file final-v3.txt (compact mmCIF, C-alpha atoms and all ligand atoms)
# COMPACT_ATOMS: atom_id res chain seq x y z
CA MET L 1 -0.97 -8.89 4.26
CA SER L 2 1.73 -6.49 3.30
CA LEU L 3 1.80 -5.16 -0.23
CA ILE L 4 4.52 -3.11 -1.91
CA VAL L 5 3.38 -0.80 -4.69
CA VAL L 6 6.07 0.59 -6.99
CA GLY L 7 5.38 3.13 -9.72
CA THR L 8 5.23 6.73 -10.81
CA MET L 9 3.58 9.53 -8.85
CA ALA L 10 3.09 12.25 -11.36
CA PHE L 11 1.49 15.28 -12.88
CA ASP L 12 -0.66 14.56 -15.93
CA ALA L 13 -2.27 16.80 -18.53
CA ILE L 14 -5.08 15.05 -20.34
CA GLU L 15 -7.08 15.89 -23.44
CA THR L 16 -10.19 13.96 -24.37
CA PRO L 17 -12.68 14.75 -27.16
CA PHE L 18 -14.91 16.12 -24.38
CA GLY L 19 -12.54 18.21 -22.30
CA LYS L 20 -9.06 19.12 -21.23
CA SER L 21 -7.51 18.99 -17.76
CA ASP L 22 -4.93 21.32 -16.25
CA ARG L 23 -1.96 19.64 -14.60
CA ILE L 24 -3.60 17.08 -12.33
CA ILE L 25 -2.26 14.42 -10.00
CA GLY L 26 -1.65 11.07 -11.65
CA GLY L 27 0.95 8.36 -11.90
CA ALA L 28 0.70 4.59 -11.89
CA ALA L 29 1.44 4.12 -8.18
CA THR L 30 -1.06 6.83 -7.24
CA TYR L 31 -3.92 5.08 -9.03
CA ILE L 32 -2.84 1.61 -7.85
CA SER L 33 -2.76 2.63 -4.19
CA TRP L 34 -6.05 4.53 -4.25
CA SER L 35 -7.61 1.40 -5.70
CA ALA L 36 -5.83 -1.33 -3.68
CA SER L 37 -6.32 0.43 -0.33
CA ASN L 38 -10.02 -0.44 -0.53
CA PHE L 39 -9.00 -4.07 0.04
CA THR L 40 -5.72 -4.26 1.93
CA ARG L 41 -3.65 -2.05 4.26
CA PRO L 42 -0.98 -1.07 4.93
CA ILE L 43 0.42 -0.46 1.49
CA HIS L 44 4.15 0.20 1.22
CA GLN L 45 4.64 2.76 -1.54
CA VAL L 46 7.90 3.09 -3.50
CA SER L 47 8.21 6.13 -5.74
CA VAL L 48 9.87 9.51 -6.22
CA VAL L 49 8.41 13.01 -6.46
CA GLY L 50 9.75 16.52 -6.79
CA GLY L 51 9.29 19.47 -4.44
CA ASP L 52 6.32 20.50 -6.59
CA PHE L 53 4.22 17.46 -5.57
CA PRO L 54 1.49 18.63 -3.15
CA GLU L 55 1.93 17.52 0.45
CA SER L 56 -1.85 17.28 0.72
CA GLU L 57 -1.81 14.41 -1.82
CA LEU L 58 0.79 12.51 0.19
CA ASN L 59 -1.23 13.11 3.36
CA ALA L 60 -4.43 11.88 1.70
CA LEU L 61 -2.70 8.65 0.72
CA GLN L 62 -1.33 8.19 4.23
CA GLU L 63 -4.85 8.54 5.61
CA ARG L 64 -5.79 5.62 3.35
CA GLY L 65 -3.16 3.41 4.98
CA VAL L 66 -0.48 4.01 2.37
CA GLN L 67 2.97 4.26 3.97
CA ILE L 68 5.29 6.63 2.16
CA ASP L 69 8.64 5.90 3.84
CA GLY L 70 9.76 4.54 0.45
CA VAL L 71 8.71 7.67 -1.45
CA GLN L 72 11.70 9.94 -2.05
CA ILE L 73 10.99 13.66 -2.13
CA LYS L 74 13.56 15.62 -4.16
CA LYS L 75 12.84 19.17 -3.06
CA ASP L 76 14.77 20.96 -5.81
CA GLU L 77 13.53 18.85 -8.71
CA LYS L 78 10.34 18.44 -10.69
CA SER L 79 7.95 15.48 -10.57
CA PHE L 80 7.45 13.11 -13.51
CA PHE L 81 5.11 14.67 -16.08
CA TRP L 82 3.00 12.90 -18.70
CA SER L 83 0.56 14.30 -21.18
CA GLY L 84 -1.77 12.39 -23.49
CA ARG L 85 -4.61 12.91 -25.94
CA TYR L 86 -7.42 10.38 -26.38
CA HIS L 87 -8.95 9.55 -29.74
CA LEU L 88 -12.69 9.74 -30.29
CA ASP L 89 -13.19 6.07 -29.29
CA MET L 90 -11.52 6.84 -25.89
CA ASN L 91 -9.82 3.44 -26.21
CA THR L 92 -6.64 4.64 -27.86
CA ARG L 93 -4.44 7.62 -27.10
CA ASP L 94 -1.29 9.39 -28.17
CA THR L 95 1.37 10.32 -25.67
CA LEU L 96 2.12 14.00 -26.28
CA ASP L 97 4.91 14.41 -23.75
CA THR L 98 6.85 12.35 -21.20
CA GLN L 99 9.21 14.30 -18.93
CA LEU L 100 11.08 11.91 -16.65
CA ASN L 101 12.43 14.69 -14.36
CA VAL L 102 13.01 13.05 -10.91
CA LEU L 103 12.56 9.62 -12.48
CA ALA L 104 15.66 9.99 -14.65
CA ASP L 105 18.08 9.08 -11.84
CA PHE L 106 15.74 7.45 -9.34
CA ASP L 107 17.56 4.94 -7.13
CA PRO L 108 14.94 3.24 -4.94
CA VAL L 109 15.91 2.32 -1.38
CA LEU L 110 13.54 -0.09 0.35
CA PRO L 111 12.96 0.67 4.03
CA GLU L 112 13.63 -2.37 6.29
CA SER L 113 9.92 -2.64 7.09
CA TYR L 114 9.13 -3.28 3.39
CA LYS L 115 11.62 -6.07 2.77
CA ASN L 116 9.50 -9.06 3.75
CA ALA L 117 6.33 -8.02 1.93
CA GLU L 118 4.09 -10.88 0.81
CA PHE L 119 2.85 -9.20 -2.36
CA LEU L 120 4.65 -7.01 -4.86
CA MET L 121 2.93 -4.79 -7.43
CA LEU L 122 5.40 -3.40 -9.93
CA GLY L 123 3.45 -0.56 -11.49
CA ASN L 124 4.53 1.14 -14.67
CA LEU L 125 8.07 2.50 -14.16
CA VAL L 126 11.62 2.35 -15.52
CA PRO L 127 12.36 -1.42 -15.75
CA ALA L 128 15.83 -0.95 -14.20
CA VAL L 129 14.15 0.55 -11.13
CA GLN L 130 11.69 -2.34 -10.94
CA LEU L 131 14.72 -4.68 -10.98
CA LYS L 132 16.41 -2.74 -8.17
CA VAL L 133 13.32 -3.15 -6.00
CA ILE L 134 13.20 -6.91 -6.60
CA SER L 135 16.89 -7.23 -5.72
CA GLN L 136 16.39 -5.59 -2.29
CA LEU L 137 13.70 -8.00 -1.10
CA GLN L 138 14.71 -10.47 1.61
CA GLN L 139 12.34 -13.17 0.34
CA LYS L 140 10.47 -13.89 -2.83
CA PRO L 141 6.92 -12.53 -2.48
CA LYS L 142 3.95 -14.88 -2.68
CA LEU L 143 2.96 -13.11 -5.87
CA THR L 144 4.65 -10.49 -8.03
CA VAL L 145 2.51 -8.63 -10.53
CA MET L 146 3.94 -6.28 -13.14
CA ASP L 147 2.34 -3.63 -15.32
CA THR L 148 4.25 -1.88 -18.07
CA MET L 149 3.69 0.01 -21.31
CA ASN L 150 4.92 0.50 -24.88
CA PHE L 151 7.15 3.43 -23.82
CA TRP L 152 9.48 0.97 -22.04
CA MET L 153 9.29 -1.55 -24.91
CA ASP L 154 10.57 1.24 -27.17
CA THR L 155 13.26 2.59 -24.84
CA ALA L 156 14.42 -0.21 -22.47
CA LEU L 157 13.47 -3.58 -23.96
CA ASP L 158 16.44 -5.57 -22.59
CA ASP L 159 15.84 -4.49 -18.99
CA LEU L 160 12.11 -4.96 -19.45
CA LYS L 161 12.64 -8.59 -20.50
CA LYS L 162 14.79 -9.15 -17.39
CA VAL L 163 11.94 -7.99 -15.14
CA ILE L 164 9.33 -9.97 -17.07
CA GLN L 165 11.42 -13.10 -16.44
CA GLN L 166 11.02 -12.64 -12.69
CA VAL L 167 7.31 -11.91 -12.31
CA ASP L 168 4.32 -14.22 -11.84
CA VAL L 169 1.65 -12.05 -13.48
CA LEU L 170 2.22 -9.59 -16.32
CA MET L 171 -0.40 -7.01 -17.31
CA VAL L 172 -0.31 -5.31 -20.70
CA ASN L 173 -2.88 -4.01 -23.15
CA ASP L 174 -3.63 -5.73 -26.45
CA SER L 175 -1.37 -3.58 -28.62
CA GLU L 176 1.50 -3.94 -26.12
CA ALA L 177 1.03 -7.75 -26.09
CA ARG L 178 1.31 -7.71 -29.88
CA GLN L 179 4.38 -5.44 -29.81
CA LEU L 180 6.14 -7.54 -27.15
CA SER L 181 5.47 -10.89 -28.81
CA GLY L 182 5.45 -9.97 -32.50
CA GLU L 183 2.22 -12.01 -32.82
CA TYR L 184 -1.13 -10.59 -33.96
CA SER L 185 -3.29 -13.38 -32.50
CA LEU L 186 -3.68 -12.67 -28.79
CA VAL L 187 -3.67 -16.41 -28.04
CA LYS L 188 -0.31 -16.81 -29.77
CA ALA L 189 0.93 -13.58 -28.18
CA ALA L 190 -0.06 -14.88 -24.74
CA ARG L 191 1.78 -18.15 -25.29
CA ALA L 192 4.92 -16.33 -26.45
CA ILE L 193 4.85 -13.91 -23.49
CA MET L 194 4.27 -16.66 -20.92
CA ASN L 195 7.35 -18.37 -22.40
CA MET L 196 9.32 -15.26 -21.35
CA GLY L 197 8.64 -15.99 -17.65
CA PRO L 198 5.23 -15.09 -16.21
CA THR L 199 2.87 -17.97 -15.40
CA TYR L 200 -0.14 -15.66 -15.75
CA LEU L 201 -0.82 -12.97 -18.32
CA VAL L 202 -3.55 -10.34 -18.26
CA ILE L 203 -4.32 -8.63 -21.57
CA LYS L 204 -6.41 -5.50 -21.11
CA LYS L 205 -8.68 -4.43 -23.95
CA GLY L 206 -10.05 -1.13 -22.65
CA GLU L 207 -13.82 -0.91 -23.05
CA HIS L 208 -13.77 -4.49 -24.37
CA GLY L 209 -12.69 -6.01 -21.06
CA ALA L 210 -9.71 -8.13 -20.07
CA LEU L 211 -8.39 -11.66 -20.64
CA LEU L 212 -6.54 -13.76 -18.08
CA PHE L 213 -4.29 -16.50 -19.49
CA HIS L 214 -2.68 -19.36 -17.53
CA GLY L 215 -1.30 -22.41 -19.32
CA ASN L 216 -4.09 -23.47 -21.66
CA GLN L 217 -6.82 -21.79 -19.60
CA VAL L 218 -8.40 -18.45 -20.46
CA PHE L 219 -10.87 -16.29 -18.52
CA PHE L 220 -12.62 -13.23 -19.88
CA ALA L 221 -14.10 -10.32 -17.92
CA PRO L 222 -16.10 -7.66 -19.75
CA ALA L 223 -15.82 -3.97 -18.97
CA LEU L 224 -19.02 -2.49 -17.59
CA PRO L 225 -20.91 -0.76 -20.43
CA LEU L 226 -20.95 2.84 -19.19
CA GLU L 227 -23.10 5.60 -20.63
CA GLU L 228 -20.24 8.07 -20.37
CA VAL L 229 -16.49 7.59 -20.18
CA PHE L 230 -15.01 10.84 -19.03
CA ASP L 231 -11.28 10.11 -18.74
CA PRO L 232 -9.71 6.64 -19.20
CA THR L 233 -6.34 7.71 -17.73
CA GLY L 234 -5.29 5.42 -14.92
CA ALA L 235 -7.89 2.77 -15.71
CA GLY L 236 -5.16 0.16 -16.23
CA ASP L 237 -3.44 1.06 -12.96
CA THR L 238 -6.72 1.14 -11.08
CA PHE L 239 -7.50 -2.29 -12.53
CA ALA L 240 -4.10 -3.55 -11.33
CA GLY L 241 -4.72 -2.04 -7.87
CA GLY L 242 -8.10 -3.72 -7.55
CA PHE L 243 -6.62 -7.03 -8.69
CA ILE L 244 -3.60 -7.09 -6.37
CA GLY L 245 -5.57 -5.52 -3.49
CA TYR L 246 -8.15 -8.29 -3.68
CA ILE L 247 -5.50 -11.03 -4.01
CA ALA L 248 -3.60 -9.61 -0.99
CA GLN L 249 -6.83 -9.42 1.01
CA THR L 250 -7.82 -13.03 0.25
CA LYS L 251 -4.22 -14.37 0.15
CA ASP L 252 -5.35 -16.91 -2.41
CA ILE L 253 -3.23 -17.02 -5.57
CA SER L 254 -5.15 -19.79 -7.37
CA PHE L 255 -6.36 -19.28 -10.95
CA ASP L 256 -9.97 -19.39 -9.70
CA ASN L 257 -9.37 -16.58 -7.23
CA MET L 258 -7.50 -14.57 -9.86
CA LYS L 259 -10.73 -14.65 -11.89
CA ASN L 260 -12.41 -12.83 -8.99
CA GLY L 261 -9.45 -10.45 -8.87
CA ILE L 262 -10.00 -9.63 -12.55
CA ILE L 263 -13.66 -8.82 -11.85
CA VAL L 264 -12.73 -6.63 -8.86
CA GLY L 265 -10.10 -4.86 -11.00
CA SER L 266 -12.64 -4.28 -13.76
CA ALA L 267 -15.16 -2.88 -11.26
CA MET L 268 -12.56 -0.46 -9.85
CA ALA L 269 -11.51 0.66 -13.34
CA SER L 270 -15.15 1.39 -14.19
CA PHE L 271 -15.20 4.00 -11.39
CA CYS L 272 -11.89 5.54 -12.41
CA VAL L 273 -13.08 6.55 -15.88
CA GLU L 274 -16.17 8.37 -14.58
CA LYS L 275 -14.27 11.57 -13.66
CA PHE L 276 -10.93 13.22 -14.41
CA GLY L 277 -7.85 11.79 -12.67
CA THR L 278 -8.25 10.19 -9.26
CA GLU L 279 -11.33 12.24 -8.38
CA ARG L 280 -13.88 9.41 -8.52
CA LEU L 281 -11.60 6.93 -6.71
CA LYS L 282 -11.39 9.36 -3.80
CA GLU L 283 -15.16 9.51 -3.28
CA ILE L 284 -16.36 5.90 -3.58
CA SER L 285 -17.34 3.79 -0.57
CA LYS L 286 -17.32 0.04 0.13
CA ALA L 287 -21.07 -0.01 -0.57
CA ASP L 288 -20.47 1.55 -4.03
CA ILE L 289 -17.80 -1.05 -4.79
CA ASP L 290 -19.94 -3.99 -3.64
CA ALA L 291 -22.89 -2.75 -5.72
CA ARG L 292 -20.67 -2.40 -8.79
CA ILE L 293 -19.23 -5.90 -8.39
CA LYS L 294 -22.81 -7.23 -8.23
CA GLU L 295 -23.52 -5.45 -11.53
CA PHE L 296 -20.64 -7.42 -13.03
CA VAL L 297 -22.07 -10.68 -11.74
CA GLN L 298 -25.40 -9.78 -13.39
CA LEU L 299 -23.63 -8.84 -16.60
CA VAL L 300 -22.02 -12.23 -17.15
CA ASN L 301 -24.43 -14.58 -15.38
CA PHE L 302 -26.67 -16.81 -17.47
CA ASP L 303 -28.33 -20.23 -17.36
CA ILE L 304 -28.50 -22.34 -20.45
CA ASN L 305 -30.09 -25.73 -20.97
CA LEU L 306 -28.44 -27.60 -23.79
CA ILE L 307 -30.97 -29.86 -25.49
P1 LIG J 401 -2.89 4.09 -17.60
O1 LIG J 401 -3.95 4.97 -18.19
O2 LIG J 401 -3.42 3.06 -16.66
O3 LIG J 401 -1.98 3.52 -18.64
O4 LIG J 401 -1.96 5.00 -16.67
C1 LIG J 401 -1.75 6.36 -16.91
C2 LIG J 401 -0.79 6.87 -15.84
O5 LIG J 401 0.51 6.35 -16.11
C3 LIG J 401 -0.67 8.38 -15.87
O6 LIG J 401 -1.15 8.89 -14.64
C4 LIG J 401 0.81 8.69 -16.09
O7 LIG J 401 1.33 9.60 -15.16
C5 LIG J 401 1.49 7.35 -15.94
N1 LIG J 401 2.49 7.15 -17.00
C6 LIG J 401 2.42 7.55 -18.29
N2 LIG J 401 3.53 7.19 -18.98
C7 LIG J 401 4.31 6.53 -18.09
C8 LIG J 401 5.59 5.90 -18.19
N3 LIG J 401 6.30 5.87 -19.32
N4 LIG J 401 6.07 5.28 -17.08
C9 LIG J 401 5.38 5.29 -15.94
N5 LIG J 401 4.18 5.87 -15.77
C10 LIG J 401 3.65 6.48 -16.84
call {"tool": "encode", "arguments": {"input": "final-v3.txt", "output": "structure tokens", "more": "lines below"}}
Ligand code: AMP
result
Amino acid sequence: MSLIVVGTMAFDAIETPFGKSDRIIGGAATYISWSASNFTRPIHQVSVVGGDFPESELNALQERGVQIDGVQIKKDEKSFFWSGRYHLDMNTRDTLDTQLNVLADFDPVLPESYKNAEFLMLGNLVPAVQLKVISQLQQKPKLTVMDTMNFWMDTALDDLKKVIQQVDVLMVNDSEARQLSGEYSLVKAARAIMNMGPTYLVIKKGEHGALLFHGNQVFFAPALPLEEVFDPTGAGDTFAGGFIGYIAQTKDISFDNMKNGIIVGSAMASFCVEKFGTERLKEISKADIDARIKEFVQLVNFDINLI
């Protein structure tokens, strides 16, 4: 059941209409692993941090069954830093600052024990680094899932397209799907993106849920209507972690099981937004997760008699 998670481990500074954080722990791989480790262990993490990244955070992940042999620690350098400001709707945000720091010349080296992993989660990261990870694997994973963002569409589109060609499931948000495909209609965008390589496409729509496309089939999962959204940062990564964690746990890569994965991902993301950073993900239990998944079942379940 081995799963490789690749992505940033970072410091974030977040502003929402309701509050502002100091530098807090973030990064795509951080959120993915906190989320996925509820469903599958061990997780083989691939990332890079500077000497400023707290050892206590690495220890906490290890206690969750996340192996960090593939996390490089560059003692004399600074960790990746990202800062963003959310708009009033909490669905859209502006990136205020992206400092690559250790990420600028990151050359991932996969430990031997990672090389036969069954599942690969390529979290948001430099596309060239995602490619280097794929090239070190000894066998093609059962399922490769990739998450990315507009930053890489703007700065590394050619490499990004090379990675997209090699993955089974791509996850992007609605504006990124439009940017990547040049199509406004999400159905047309999905078709165009699936023609670039992936057999499955997930389009995330923030508080409006997520769509899963495969051939001519579409599945929709709502987001849980929450009274308060405190901080949406990491929701997409947490969603990805729940999805791949559940798929790795069940080992079933059928479209029908991916629908369940989308619901599990949505449930995990609904926790993430309840507090700043990874705080909420660190406190939830299996009972909390099960109860939340049941709320999703209630949300979408109905009987109709057509007369
Ligand atoms: P999400 O809200 O799911 O899009 O993820 C936000 C997380 O992604 C933050 O914790 C950031 O540290 C991280 N992040 C932001 N920009 C980038 C980027 N260009 N590449 C990789 N990770 C990023």
call {"tool": "residues_around", "arguments": {"input": "final-v3.txt", "residues": "region 193-200 of chain L", "least_positions_apart": "4", "cutoff": "10 Å", "atoms": "all atoms listed in the file", "output": "number ranges by chain"}}
result
L: 144-146, 161-171, 177-178, 180-183, 187-189, 212-215, 217-218, 255, 258
call {"tool": "residues_around", "arguments": {"input": "final-v3.txt", "residues": "region 114-116 of chain L", "least_positions_apart": "6", "cutoff": "7 Å", "atoms": "all atoms listed in the file", "output": "PyMOL selection string"}}
result
chain L and resi 44+136-139
call {"tool": "residues_around", "arguments": {"input": "final-v3.txt", "residues": "region 295-306 of chain L", "least_positions_apart": "6", "cutoff": "8 Å", "atoms": "only C-alpha atoms", "output": "ChimeraX atom specification"}}
result
/L:222,224,263,267
call {"tool": "residues_near_ligand", "arguments": {"input": "final-v3.txt", "ligand": "ligand LIG 401 (chain J)", "cutoff": "7 Å", "atoms": "all atoms listed in the file", "output": "list in words"}}
result
Gly7, Thr8, Met9, Ala10, Phe11, Asp12, Gly26, Gly27, Ala28, Phe81, Trp82, Thr98, Asn124, Leu125, Val126, Met149, Phe151, Trp152, Pro232, Thr233, Gly234, Ala235, Gly236, Asp237 and Thr238 of chain L
call {"tool": "write_last_selection", "arguments": {"input": "final-v3.txt", "atoms": "C-alpha atoms", "output": "PDB file, in the coordinates of the input"}}
result
ATOM      1  CA  GLY L   7       5.380   3.130  -9.720  1.00  0.00           C
ATOM      2  CA  THR L   8       5.230   6.730 -10.810  1.00  0.00           C
ATOM      3  CA  MET L   9       3.580   9.530  -8.850  1.00  0.00           C
ATOM      4  CA  ALA L  10       3.090  12.250 -11.360  1.00  0.00           C
ATOM      5  CA  PHE L  11       1.490  15.280 -12.880  1.00  0.00           C
ATOM      6  CA  ASP L  12      -0.660  14.560 -15.930  1.00  0.00           C
ATOM      7  CA  GLY L  26      -1.650  11.070 -11.650  1.00  0.00           C
ATOM      8  CA  GLY L  27       0.950   8.360 -11.900  1.00  0.00           C
ATOM      9  CA  ALA L  28       0.700   4.590 -11.890  1.00  0.00           C
ATOM     10  CA  PHE L  81       5.110  14.670 -16.080  1.00  0.00           C
ATOM     11  CA  TRP L  82       3.000  12.900 -18.700  1.00  0.00           C
ATOM     12  CA  THR L  98       6.850  12.350 -21.200  1.00  0.00           C
ATOM     13  CA  ASN L 124       4.530   1.140 -14.670  1.00  0.00           C
ATOM     14  CA  LEU L 125       8.070   2.500 -14.160  1.00  0.00           C
ATOM     15  CA  VAL L 126      11.620   2.350 -15.520  1.00  0.00           C
ATOM     16  CA  MET L 149       3.690   0.010 -21.310  1.00  0.00           C
ATOM     17  CA  PHE L 151       7.150   3.430 -23.820  1.00  0.00           C
ATOM     18  CA  TRP L 152       9.480   0.970 -22.040  1.00  0.00           C
ATOM     19  CA  PRO L 232      -9.710   6.640 -19.200  1.00  0.00           C
ATOM     20  CA  THR L 233      -6.340   7.710 -17.730  1.00  0.00           C
ATOM     21  CA  GLY L 234      -5.290   5.420 -14.920  1.00  0.00           C
ATOM     22  CA  ALA L 235      -7.890   2.770 -15.710  1.00  0.00           C
ATOM     23  CA  GLY L 236      -5.160   0.160 -16.230  1.00  0.00           C
ATOM     24  CA  ASP L 237      -3.440   1.060 -12.960  1.00  0.00           C
ATOM     25  CA  THR L 238      -6.720   1.140 -11.080  1.00  0.00           C
TER      26      THR L 238
END
call {"tool": "atom_distance", "arguments": {"input": "final-v3.txt", "atom1": "CA of Pro141 (chain L)", "atom2": "CA of Ile289 (chain L)"}}
result
27.4 Å
call {"tool": "residues_near_point", "arguments": {"input": "final-v3.txt", "point": "(-4.7, -2.3, -10.3)", "cutoff": "12 Å", "atoms": "all atoms listed in the file", "output": "ChimeraX atom specification"}}
result
/L:5-7,28-39,120-124,145-148,170-172,202,204,234-248,261-270,272
call {"tool": "closest_residue", "arguments": {"input": "final-v3.txt", "among": "L:Leu3, L:Ala156, L:Thr250, L:Gln130", "to": "Ala117 (chain L)", "atoms": "all atoms listed in the file"}}
result
L:Leu3
call {"tool": "closest_residue", "arguments": {"input": "final-v3.txt", "among": "L:Val133, L:Leu58, L:Leu143, L:Ala210", "to": "Asp252 (chain L)", "atoms": "only C-alpha atoms"}}
result
L:Leu143
call {"tool": "atom_distance", "arguments": {"input": "final-v3.txt", "atom1": "CA of Lys78 (chain L)", "atom2": "CA of Ser135 (chain L)"}}
result
27.0 Å
call {"tool": "closest_residue", "arguments": {"input": "final-v3.txt", "among": "L:Ser175, L:Gln72, L:Glu77, L:Pro17", "to": "Met153 (chain L)", "atoms": "all atoms listed in the file"}}
result
L:Ser175
call {"tool": "residues_around", "arguments": {"input": "final-v3.txt", "residues": "Leu88 (chain L)", "least_positions_apart": "2", "cutoff": "9 Å", "atoms": "all atoms listed in the file", "output": "compact mmCIF listing (two decimals) with C-alpha atoms, in the coordinates of the input"}}
result
# COMPACT_ATOMS: atom_id res chain seq x y z
CA THR L 16 -10.19 13.96 -24.37
CA PRO L 17 -12.68 14.75 -27.16
CA PHE L 18 -14.91 16.12 -24.38
CA TYR L 86 -7.42 10.38 -26.38
CA MET L 90 -11.52 6.84 -25.89
CA ASN L 91 -9.82 3.44 -26.21
CA THR L 92 -6.64 4.64 -27.86
call {"tool": "closest_residue", "arguments": {"input": "final-v3.txt", "among": "L:Leu100, L:Asp231, L:Gly84, L:Gly65", "to": "Val273 (chain L)", "atoms": "only C-alpha atoms"}}
result
L:Asp231
call {"tool": "atom_distance", "arguments": {"input": "final-v3.txt", "atom1": "CA of Lys20 (chain L)", "atom2": "CA of Phe276 (chain L)"}}
result
9.2 Å
call {"tool": "closest_residue", "arguments": {"input": "final-v3.txt", "among": "L:Glu207, L:Ile307, L:Leu201, L:Ser285", "to": "Lys259 (chain L)", "atoms": "only C-alpha atoms"}}
result
L:Leu201
call {"tool": "closest_residue", "arguments": {"input": "final-v3.txt", "among": "L:Asn150, L:Thr278, L:Thr155, L:Ser56", "to": "Glu176 (chain L)", "atoms": "all atoms listed in the file"}}
result
L:Asn150
